[in-house]
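run-v8.pdb, holding PDB, C-alpha atoms and all ligand atoms:
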```pdb
ATOM      1  CA  MET H   1     -23.005  29.836   7.055  1.00  0.00           C
ATOM      2  CA  ARG H   2     -22.736  33.669   7.417  1.00  0.00           C
ATOM      3  CA  ALA H   3     -23.101  36.377   4.804  1.00  0.00           C
ATOM      4  CA  VAL H   4     -20.082  38.718   4.970  1.00  0.00           C
ATOM      5  CA  GLY H   5     -20.749  41.692   2.713  1.00  0.00           C
ATOM      6  CA  ARG H   6     -21.619  40.169  -0.666  1.00  0.00           C
ATOM      7  CA  GLU H   7     -19.517  37.016  -0.030  1.00  0.00           C
ATOM      8  CA  VAL H   8     -20.759  33.966   1.820  1.00  0.00           C
ATOM      9  CA  ASP H   9     -18.458  32.791   4.633  1.00  0.00           C
ATOM     10  CA  ALA H  10     -18.799  29.018   4.924  1.00  0.00           C
ATOM     11  CA  GLY H  11     -17.456  29.044   8.503  1.00  0.00           C
ATOM     12  CA  PRO H  12     -14.146  27.810   9.955  1.00  0.00           C
ATOM     13  CA  ARG H  13     -15.005  24.099   9.777  1.00  0.00           C
ATOM     14  CA  ALA H  14     -15.980  24.212   6.124  1.00  0.00           C
ATOM     15  CA  ARG H  15     -12.915  26.367   5.340  1.00  0.00           C
ATOM     16  CA  TYR H  16     -10.670  23.841   7.113  1.00  0.00           C
ATOM     17  CA  LEU H  17     -12.241  20.944   5.190  1.00  0.00           C
ATOM     18  CA  GLY H  18     -11.866  22.809   1.896  1.00  0.00           C
ATOM     19  CA  GLU H  19      -8.148  23.339   2.544  1.00  0.00           C
ATOM     20  CA  ALA H  20      -7.511  19.833   3.947  1.00  0.00           C
ATOM     21  CA  MET H  21      -9.188  18.006   1.056  1.00  0.00           C
ATOM     22  CA  ASN H  22      -6.606  18.943  -1.562  1.00  0.00           C
ATOM     23  CA  LEU H  23      -5.443  16.613  -4.365  1.00  0.00           C
ATOM     24  CA  TYR H  24      -2.376  15.437  -2.409  1.00  0.00           C
ATOM     25  CA  SER H  25      -4.259  14.580   0.775  1.00  0.00           C
ATOM     26  CA  VAL H  26      -6.886  12.664  -1.242  1.00  0.00           C
ATOM     27  CA  LEU H  27      -4.145  10.713  -3.090  1.00  0.00           C
ATOM     28  CA  THR H  28      -2.397   9.869   0.214  1.00  0.00           C
ATOM     29  CA  TRP H  29      -5.675   8.917   1.899  1.00  0.00           C
ATOM     30  CA  LEU H  30      -6.676   6.498  -0.880  1.00  0.00           C
ATOM     31  CA  HIS H  31      -3.071   5.217  -1.192  1.00  0.00           C
ATOM     32  CA  VAL H  32      -3.194   4.198   2.476  1.00  0.00           C
ATOM     33  CA  VAL H  33      -6.682   2.652   2.026  1.00  0.00           C
ATOM     34  CA  GLY H  34      -5.225   0.567  -0.848  1.00  0.00           C
ATOM     35  CA  ASN H  35      -2.330  -0.492   1.428  1.00  0.00           C
ATOM     36  CA  VAL H  36      -4.676  -1.633   4.200  1.00  0.00           C
ATOM     37  CA  PHE H  37      -6.496  -4.043   1.870  1.00  0.00           C
ATOM     38  CA  TRP H  38      -3.389  -5.027  -0.119  1.00  0.00           C
ATOM     39  CA  ILE H  39      -1.063  -5.918   2.766  1.00  0.00           C
ATOM     40  CA  GLY H  40      -3.838  -7.528   4.841  1.00  0.00           C
ATOM     41  CA  ALA H  41      -4.989  -9.658   1.900  1.00  0.00           C
ATOM     42  CA  ILE H  42      -1.545 -10.756   0.690  1.00  0.00           C
ATOM     43  CA  CYS H  43      -0.678 -11.877   4.253  1.00  0.00           C
ATOM     44  CA  GLY H  44      -4.010 -13.782   4.259  1.00  0.00           C
ATOM     45  CA  VAL H  45      -3.040 -15.455   0.966  1.00  0.00           C
ATOM     46  CA  GLY H  46       0.211 -16.624   2.581  1.00  0.00           C
ATOM     47  CA  LEU H  47      -1.628 -17.915   5.668  1.00  0.00           C
ATOM     48  CA  LEU H  48      -4.103 -19.888   3.541  1.00  0.00           C
ATOM     49  CA  LEU H  49      -1.368 -21.432   1.371  1.00  0.00           C
ATOM     50  CA  THR H  50       0.644 -22.555   4.413  1.00  0.00           C
ATOM     51  CA  SER H  51      -2.353 -23.861   6.401  1.00  0.00           C
ATOM     52  CA  SER H  52      -3.284 -27.538   6.642  1.00  0.00           C
ATOM     53  CA  ILE H  53      -7.033 -27.036   6.164  1.00  0.00           C
ATOM     54  CA  GLY H  54      -8.585 -29.164   3.404  1.00  0.00           C
ATOM     55  CA  ASP H  55      -6.491 -30.309   0.436  1.00  0.00           C
ATOM     56  CA  ALA H  56      -3.777 -28.322  -1.347  1.00  0.00           C
ATOM     57  CA  LYS H  57      -5.946 -27.521  -4.402  1.00  0.00           C
ATOM     58  CA  THR H  58      -8.781 -26.125  -2.237  1.00  0.00           C
ATOM     59  CA  ARG H  59      -6.292 -24.010  -0.278  1.00  0.00           C
ATOM     60  CA  GLY H  60      -4.864 -22.761  -3.567  1.00  0.00           C
ATOM     61  CA  GLU H  61      -8.330 -21.880  -4.909  1.00  0.00           C
ATOM     62  CA  LEU H  62      -9.262 -19.961  -1.733  1.00  0.00           C
ATOM     63  CA  ALA H  63      -5.902 -18.181  -1.686  1.00  0.00           C
ATOM     64  CA  GLN H  64      -6.170 -17.271  -5.360  1.00  0.00           C
ATOM     65  CA  ARG H  65      -9.657 -15.860  -4.824  1.00  0.00           C
ATOM     66  CA  LEU H  66      -8.397 -13.631  -1.993  1.00  0.00           C
ATOM     67  CA  TYR H  67      -5.400 -12.656  -4.142  1.00  0.00           C
ATOM     68  CA  LEU H  68      -7.427 -11.677  -7.212  1.00  0.00           C
ATOM     69  CA  ARG H  69     -10.416 -10.119  -5.409  1.00  0.00           C
ATOM     70  CA  VAL H  70      -8.619  -8.105  -2.701  1.00  0.00           C
ATOM     71  CA  ALA H  71      -4.794  -8.186  -2.830  1.00  0.00           C
ATOM     72  CA  VAL H  72      -4.443  -7.246  -6.525  1.00  0.00           C
ATOM     73  CA  PRO H  73      -7.025  -4.393  -6.517  1.00  0.00           C
ATOM     74  CA  GLY H  74      -5.510  -3.074  -3.243  1.00  0.00           C
ATOM     75  CA  PHE H  75      -2.028  -3.210  -4.775  1.00  0.00           C
ATOM     76  CA  VAL H  76      -3.125  -1.466  -8.004  1.00  0.00           C
ATOM     77  CA  ILE H  77      -4.867   1.343  -6.062  1.00  0.00           C
ATOM     78  CA  SER H  78      -1.896   1.757  -3.688  1.00  0.00           C
ATOM     79  CA  PHE H  79       0.662   1.702  -6.491  1.00  0.00           C
ATOM     80  CA  LEU H  80      -1.084   4.123  -8.864  1.00  0.00           C
ATOM     81  CA  LEU H  81      -2.010   6.649  -6.162  1.00  0.00           C
ATOM     82  CA  GLY H  82       1.386   6.319  -4.404  1.00  0.00           C
ATOM     83  CA  MET H  83       3.150   6.971  -7.732  1.00  0.00           C
ATOM     84  CA  GLY H  84       0.784   9.884  -8.424  1.00  0.00           C
ATOM     85  CA  ARG H  85       1.609  11.379  -5.022  1.00  0.00           C
ATOM     86  CA  LEU H  86       5.353  10.818  -5.556  1.00  0.00           C
ATOM     87  CA  LEU H  87       5.568  12.213  -9.085  1.00  0.00           C
ATOM     88  CA  GLY H  88       3.330  15.145  -8.145  1.00  0.00           C
ATOM     89  CA  ASP H  89       5.928  16.313  -5.609  1.00  0.00           C
ATOM     90  CA  MET H  90       9.461  15.596  -6.796  1.00  0.00           C
ATOM     91  CA  THR H  91      10.973  17.093  -3.607  1.00  0.00           C
ATOM     92  CA  PHE H  92      10.319  13.675  -1.990  1.00  0.00           C
ATOM     93  CA  PHE H  93      13.417  12.390  -3.829  1.00  0.00           C
ATOM     94  CA  LYS H  94      15.590  14.663  -1.610  1.00  0.00           C
ATOM     95  CA  PHE H  95      14.715  12.639   1.474  1.00  0.00           C
ATOM     96  CA  PRO H  96      16.657   9.476   2.414  1.00  0.00           C
ATOM     97  CA  TRP H  97      13.581   8.145   4.317  1.00  0.00           C
ATOM     98  CA  MET H  98      11.639   8.142   1.048  1.00  0.00           C
ATOM     99  CA  HIS H  99      14.413   6.141  -0.683  1.00  0.00           C
ATOM    100  CA  ALA H 100      14.330   3.589   2.163  1.00  0.00           C
ATOM    101  CA  LYS H 101      10.528   3.480   2.010  1.00  0.00           C
ATOM    102  CA  LEU H 102      10.467   2.956  -1.763  1.00  0.00           C
ATOM    103  CA  LEU H 103      13.188   0.268  -1.673  1.00  0.00           C
ATOM    104  CA  PHE H 104      11.197  -1.742   0.881  1.00  0.00           C
ATOM    105  CA  ALA H 105       7.906  -1.084  -0.946  1.00  0.00           C
ATOM    106  CA  PHE H 106       9.362  -2.432  -4.205  1.00  0.00           C
ATOM    107  CA  ILE H 107      10.640  -5.572  -2.426  1.00  0.00           C
ATOM    108  CA  ILE H 108       7.074  -6.062  -1.081  1.00  0.00           C
ATOM    109  CA  ILE H 109       5.737  -5.769  -4.652  1.00  0.00           C
ATOM    110  CA  ALA H 110       8.166  -8.471  -5.876  1.00  0.00           C
ATOM    111  CA  LEU H 111       7.238 -10.825  -2.987  1.00  0.00           C
ATOM    112  CA  HIS H 112       3.521 -10.138  -3.602  1.00  0.00           C
ATOM    113  CA  HIS H 113       3.932 -11.486  -7.141  1.00  0.00           C
ATOM    114  CA  VAL H 114       5.857 -14.581  -5.987  1.00  0.00           C
ATOM    115  CA  VAL H 115       3.131 -15.442  -3.411  1.00  0.00           C
ATOM    116  CA  GLY H 116       0.385 -14.793  -6.001  1.00  0.00           C
ATOM    117  CA  ALA H 117       2.103 -17.065  -8.552  1.00  0.00           C
ATOM    118  CA  LYS H 118       2.256 -19.861  -5.955  1.00  0.00           C
ATOM    119  CA  ALA H 119      -1.483 -19.460  -5.245  1.00  0.00           C
ATOM    120  CA  LYS H 120      -2.177 -19.791  -8.980  1.00  0.00           C
ATOM    121  CA  LYS H 121      -0.052 -22.959  -9.266  1.00  0.00           C
ATOM    122  CA  MET H 122      -1.684 -24.558  -6.202  1.00  0.00           C
ATOM    123  CA  ALA H 123      -5.168 -23.658  -7.458  1.00  0.00           C
ATOM    124  CA  LYS H 124      -4.385 -25.375 -10.777  1.00  0.00           C
ATOM    125  CA  GLY H 125      -3.049 -28.459  -8.960  1.00  0.00           C
ATOM    126  CA  GLU H 126       0.443 -27.978 -10.451  1.00  0.00           C
ATOM    127  CA  VAL H 127       2.086 -27.936  -6.977  1.00  0.00           C
ATOM    128  CA  THR H 128       0.922 -29.226  -3.587  1.00  0.00           C
ATOM    129  CA  GLU H 129       3.527 -27.600  -1.301  1.00  0.00           C
ATOM    130  CA  PRO H 130       3.732 -23.864  -0.468  1.00  0.00           C
ATOM    131  CA  GLY H 131       7.552 -23.870  -0.586  1.00  0.00           C
ATOM    132  CA  LYS H 132       8.957 -20.636   0.877  1.00  0.00           C
ATOM    133  CA  VAL H 133       5.581 -18.834   1.062  1.00  0.00           C
ATOM    134  CA  GLY H 134       5.621 -18.839   4.907  1.00  0.00           C
ATOM    135  CA  VAL H 135       8.907 -16.967   5.171  1.00  0.00           C
ATOM    136  CA  LEU H 136       8.013 -14.658   2.261  1.00  0.00           C
ATOM    137  CA  THR H 137       4.718 -13.725   3.965  1.00  0.00           C
ATOM    138  CA  ALA H 138       6.549 -12.964   7.224  1.00  0.00           C
ATOM    139  CA  ALA H 139       9.011 -10.821   5.215  1.00  0.00           C
ATOM    140  CA  ILE H 140       6.108  -8.889   3.628  1.00  0.00           C
ATOM    141  CA  ALA H 141       4.646  -8.170   7.087  1.00  0.00           C
ATOM    142  CA  VAL H 142       7.990  -7.016   8.536  1.00  0.00           C
ATOM    143  CA  LEU H 143       8.797  -4.863   5.483  1.00  0.00           C
ATOM    144  CA  ALA H 144       5.329  -3.250   5.633  1.00  0.00           C
ATOM    145  CA  VAL H 145       5.952  -2.308   9.279  1.00  0.00           C
ATOM    146  CA  ALA H 146       9.327  -0.806   8.243  1.00  0.00           C
ATOM    147  CA  VAL H 147       7.754   1.114   5.330  1.00  0.00           C
ATOM    148  CA  VAL H 148       5.180   2.706   7.642  1.00  0.00           C
ATOM    149  CA  PHE H 149       7.972   3.589  10.108  1.00  0.00           C
ATOM    150  CA  PHE H 150       9.983   5.437   7.429  1.00  0.00           C
ATOM    151  CA  VAL H 151       7.025   7.334   6.050  1.00  0.00           C
ATOM    152  CA  ILE H 152       5.609   8.363   9.447  1.00  0.00           C
ATOM    153  CA  VAL H 153       8.762   8.970  11.528  1.00  0.00           C
ATOM    154  CA  LYS H 154      10.616  10.289   8.450  1.00  0.00           C
ATOM    155  CA  VAL H 155      14.150   9.215   9.374  1.00  0.00           C
ATOM    156  CA  PRO H 156      16.840   9.419   8.170  1.00  0.00           C
ATOM    157  CA  MET H 157      16.479  13.105   7.231  1.00  0.00           C
ATOM    158  CA  PRO H 158      19.063  14.672   4.876  1.00  0.00           C
ATOM    159  CA  SER H 159      22.224  15.830   6.691  1.00  0.00           C
ATOM    160  CA  LYS H 160      22.899  19.514   5.933  1.00  0.00           C
TER     161      LYS H 160
HETATM  162  C1  LIG J 201       4.087   1.106  -4.297  1.00  0.00           C
HETATM  163  C2  LIG J 201       5.005   1.976  -4.064  1.00  0.00           C
HETATM  164  C3  LIG J 201       4.727   3.168  -3.172  1.00  0.00           C
HETATM  165  C4  LIG J 201       4.863   4.482  -3.507  1.00  0.00           C
HETATM  166  C5  LIG J 201       5.336   5.032  -4.847  1.00  0.00           C
HETATM  167  C6  LIG J 201       4.489   5.265  -2.352  1.00  0.00           C
HETATM  168  C7  LIG J 201       4.535   6.643  -2.268  1.00  0.00           C
HETATM  169  C8  LIG J 201       4.055   7.407  -1.216  1.00  0.00           C
HETATM  170  C9  LIG J 201       4.114   8.844  -1.103  1.00  0.00           C
HETATM  171  C10 LIG J 201       4.755   9.765  -2.120  1.00  0.00           C
HETATM  172  C11 LIG J 201       3.534   9.193   0.063  1.00  0.00           C
HETATM  173  C12 LIG J 201       3.364  10.625   0.634  1.00  0.00           C
HETATM  174  C13 LIG J 201       4.382  10.834   1.747  1.00  0.00           C
HETATM  175  C14 LIG J 201       4.131  12.079   2.576  1.00  0.00           C
HETATM  176  O1  LIG J 201       3.153  12.779   2.350  1.00  0.00           O
HETATM  177  O2  LIG J 201       4.951  12.341   3.485  1.00  0.00           O
HETATM  178  C15 LIG J 201       3.087   7.995   0.710  1.00  0.00           C
HETATM  179  C16 LIG J 201       2.448   7.962   1.927  1.00  0.00           C
HETATM  180  C17 LIG J 201       2.233   6.828   2.650  1.00  0.00           C
HETATM  181  N1  LIG J 201       2.557   5.541   2.277  1.00  0.00           N
HETATM  182 FE1  LIG J 201       3.297   4.974   0.458  1.00  0.00          FE
HETATM  183  N2  LIG J 201       4.125   4.414  -1.335  1.00  0.00           N
HETATM  184  C18 LIG J 201       4.255   3.118  -1.784  1.00  0.00           C
HETATM  185  C19 LIG J 201       4.000   1.965  -1.061  1.00  0.00           C
HETATM  186  C20 LIG J 201       3.596   1.935   0.253  1.00  0.00           C
HETATM  187  C21 LIG J 201       3.464   0.749   1.065  1.00  0.00           C
HETATM  188  C22 LIG J 201       3.785  -0.663   0.603  1.00  0.00           C
HETATM  189  C23 LIG J 201       3.031   1.144   2.305  1.00  0.00           C
HETATM  190  C24 LIG J 201       2.750   0.351   3.552  1.00  0.00           C
HETATM  191  C25 LIG J 201       2.508  -0.906   3.584  1.00  0.00           C
HETATM  192  C26 LIG J 201       2.882   2.576   2.279  1.00  0.00           C
HETATM  193  C27 LIG J 201       2.419   3.345   3.347  1.00  0.00           C
HETATM  194  C28 LIG J 201       2.221   4.695   3.310  1.00  0.00           C
HETATM  195  C29 LIG J 201       1.660   5.481   4.405  1.00  0.00           C
HETATM  196  C30 LIG J 201       1.173   4.930   5.753  1.00  0.00           C
HETATM  197  C31 LIG J 201       1.651   6.811   3.981  1.00  0.00           C
HETATM  198  C32 LIG J 201       1.093   8.046   4.740  1.00  0.00           C
HETATM  199  C33 LIG J 201       2.192   8.859   5.388  1.00  0.00           C
HETATM  200  C34 LIG J 201       1.731  10.239   5.845  1.00  0.00           C
HETATM  201  O3  LIG J 201       1.037  10.936   5.102  1.00  0.00           O
HETATM  202  O4  LIG J 201       2.079  10.630   6.949  1.00  0.00           O
HETATM  203  N3  LIG J 201       3.243   3.024   1.023  1.00  0.00           N
HETATM  204  N4  LIG J 201       3.436   6.908  -0.083  1.00  0.00           N
END
```
Could you spell out this file's structure in structure tokens?
Ligand code: HEM
Amino acid sequence: MRAVGREVDAGPRARYLGEAMNLYSVLTWLHVVGNVFWIGAICGVGLLLTSSIGDAKTRGELAQRLYLRVAVPGFVISFLLGMGRLLGDMTFFKFPWMHAKLLFAFIIIALHHVVGAKAKKMAKGEVTEPGKVGVLTAAIAVLAVAVVFFVIVKVPMPSK
């Protein structure tokens, strides 16, 4: 830290950090943290439900625990901060890549709820088979890869 006249210059590193840590970068950072836990956990829920370890009720109970303790909080954090980021900068709606990203993200949200409902039913002993959970989990994983592609590579861009 250097005194410049009567002002205190915090130095280039501190200045950079001050500019980089704005509201939008913090929202995006924590949105992505939420995604890491959410998508990882919901895929884990699917893997547990479709495994052959133990009996169906035990698998359901383990899957429901992972769903409620990690997948749901991760989803809530991702969703609220992602929406905050989106609504804080309406220019995102101009970009076709954002429309593609949001479409796929909303399909993931719907599938997340279907997989979670199956975990609840298996945990209660109401069903013993995972049904389509295997294919739905694979779809979640593929859609998540596509979502990250759109938001990082940012194609398609608007045609002038
Ligand atoms: C729940 C609905 C979602 C909304 C409303 C949302 C919204 C947003 C917005 C507005 C940004 C900022 C984009 C930018 O700065 O260029 C963002 C960034 C990002 N989102 Fe989402 N998102 C959602 C779901 C997801 C999902 C499901 C994933 C991946 C599994 C994801 C992955 C990312 C990544 C990796 C970034 C960082 C991109 C960057 O800054 O370069 N999002 N999201």
Coordinates of box centre and edge lengths for ligand LIG 201 (chain J), 4 Å on every side, axis-aligned, as JSON:
```
{"center_x": 3.2, "center_y": 5.9, "center_z": 1.1, "size_x": 12.3, "size_y": 21.7, "size_z": 19.8}
```
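Those protein and nucleic acid residues that have any atom within 6 Å of ligand LIG 201 (chain J) are, using only C-alpha atoms and all ligand atoms, Thr28, Val32, Asn35, Phe79, Gly82, Met83, Arg85, Leu86, Leu102, Ala105, Ala144, Val147, Val148, Val151 and Ile152 of chain H.
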Report as JSON lines: every residue of region 75-136 of chain H with an atom at most 10 Å from region 38-60 of chain H, its closest pair of atoms, and their distance in Å to one decimal, counting all atoms listed in the file, with rows sorted by chain and ascending residue number.
```
{"residue": "H:Phe75", "atom": "CA", "partner": "H:Trp38", "partner_atom": "CA", "distance": 5.2}
{"residue": "H:Val76", "atom": "CA", "partner": "H:Trp38", "partner_atom": "CA", "distance": 8.7}
{"residue": "H:Ile77", "atom": "CA", "partner": "H:Trp38", "partner_atom": "CA", "distance": 8.8}
{"residue": "H:Ser78", "atom": "CA", "partner": "H:Trp38", "partner_atom": "CA", "distance": 7.8}
{"residue": "H:Ile108", "atom": "CA", "partner": "H:Ile39", "partner_atom": "CA", "distance": 9.0}
{"residue": "H:Leu111", "atom": "CA", "partner": "H:Ile42", "partner_atom": "CA", "distance": 9.5}
{"residue": "H:His112", "atom": "CA", "partner": "H:Ile42", "partner_atom": "CA", "distance": 6.7}
{"residue": "H:His113", "atom": "CA", "partner": "H:Ile42", "partner_atom": "CA", "distance": 9.6}
{"residue": "H:Val115", "atom": "CA", "partner": "H:Gly46", "partner_atom": "CA", "distance": 6.8}
{"residue": "H:Gly116", "atom": "CA", "partner": "H:Val45", "partner_atom": "CA", "distance": 7.8}
{"residue": "H:Lys118", "atom": "CA", "partner": "H:Gly60", "partner_atom": "CA", "distance": 8.1}
{"residue": "H:Ala119", "atom": "CA", "partner": "H:Gly60", "partner_atom": "CA", "distance": 5.0}
{"residue": "H:Lys120", "atom": "CA", "partner": "H:Gly60", "partner_atom": "CA", "distance": 6.7}
{"residue": "H:Lys121", "atom": "CA", "partner": "H:Gly60", "partner_atom": "CA", "distance": 7.5}
{"residue": "H:Met122", "atom": "CA", "partner": "H:Gly60", "partner_atom": "CA", "distance": 4.5}
{"residue": "H:Ala123", "atom": "CA", "partner": "H:Gly60", "partner_atom": "CA", "distance": 4.0}
{"residue": "H:Lys124", "atom": "CA", "partner": "H:Lys57", "partner_atom": "CA", "distance": 6.9}
{"residue": "H:Gly125", "atom": "CA", "partner": "H:Lys57", "partner_atom": "CA", "distance": 5.5}
{"residue": "H:Glu126", "atom": "CA", "partner": "H:Lys57", "partner_atom": "CA", "distance": 8.8}
{"residue": "H:Val127", "atom": "CA", "partner": "H:Ala56", "partner_atom": "CA", "distance": 8.1}
{"residue": "H:Thr128", "atom": "CA", "partner": "H:Ala56", "partner_atom": "CA", "distance": 5.3}
{"residue": "H:Glu129", "atom": "CA", "partner": "H:Ala56", "partner_atom": "CA", "distance": 7.3}
{"residue": "H:Pro130", "atom": "CA", "partner": "H:Thr50", "partner_atom": "CA", "distance": 5.9}
{"residue": "H:Gly131", "atom": "CA", "partner": "H:Thr50", "partner_atom": "CA", "distance": 8.6}
{"residue": "H:Lys132", "atom": "CA", "partner": "H:Thr50", "partner_atom": "CA", "distance": 9.2}
{"residue": "H:Val133", "atom": "CA", "partner": "H:Gly46", "partner_atom": "CA", "distance": 6.0}
{"residue": "H:Gly134", "atom": "CA", "partner": "H:Thr50", "partner_atom": "CA", "distance": 6.2}
{"residue": "H:Val135", "atom": "CA", "partner": "H:Gly46", "partner_atom": "CA", "distance": 9.1}
{"residue": "H:Leu136", "atom": "CA", "partner": "H:Gly46", "partner_atom": "CA", "distance": 8.1}
```
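Proximity ranking of H:Ile107, H:Met98, H:Pro73, H:Ala138 relative to Pro158 (chain H) places H:Met98 first, based on only C-alpha atoms.
Put simply, CA of Phe37 (chain H) is 6.5 Å away from CA of Val70 (chain H).
Taking all atoms listed in the file into account, Leu80 (chain H) lies nearest to H:His31 out of the set H:Arg13, H:His31, H:Lys94, H:Arg65.
Note that the spacing between CA of Ala139 (chain H) and CA of Ile109 (chain H) amounts to 11.6 Å.
Closest approach to Leu143 (chain H) among H:Ala100, H:Val114, H:Gln64, H:Trp29 is made by H:Ala100 (distances from all atoms listed in the file).
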* Asked: What does the distance from CA of Val145 (chain H) to CA of Leu81 (chain H) come to in Å, to one decimal?
  -> 19.5 Å
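When the PyMOL selection byres (((chain H and resi 24) around 9) and not hetatm) is evaluated against the file, it yields H:Met21, H:Asn22, H:Leu23, H:Ser25, H:Val26, H:Leu27, H:Thr28, H:Trp29, H:Gly84, H:Arg85, H:Gly88, H:Asp89.
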* Asked: Could you spell out the hits of the PyMOL selection byres (((chain H and resi 97) around 7) and not hetatm) on the shown file, as a ChimeraX atom specification?
  -> /H:95-96,98-101,150-151,154-157
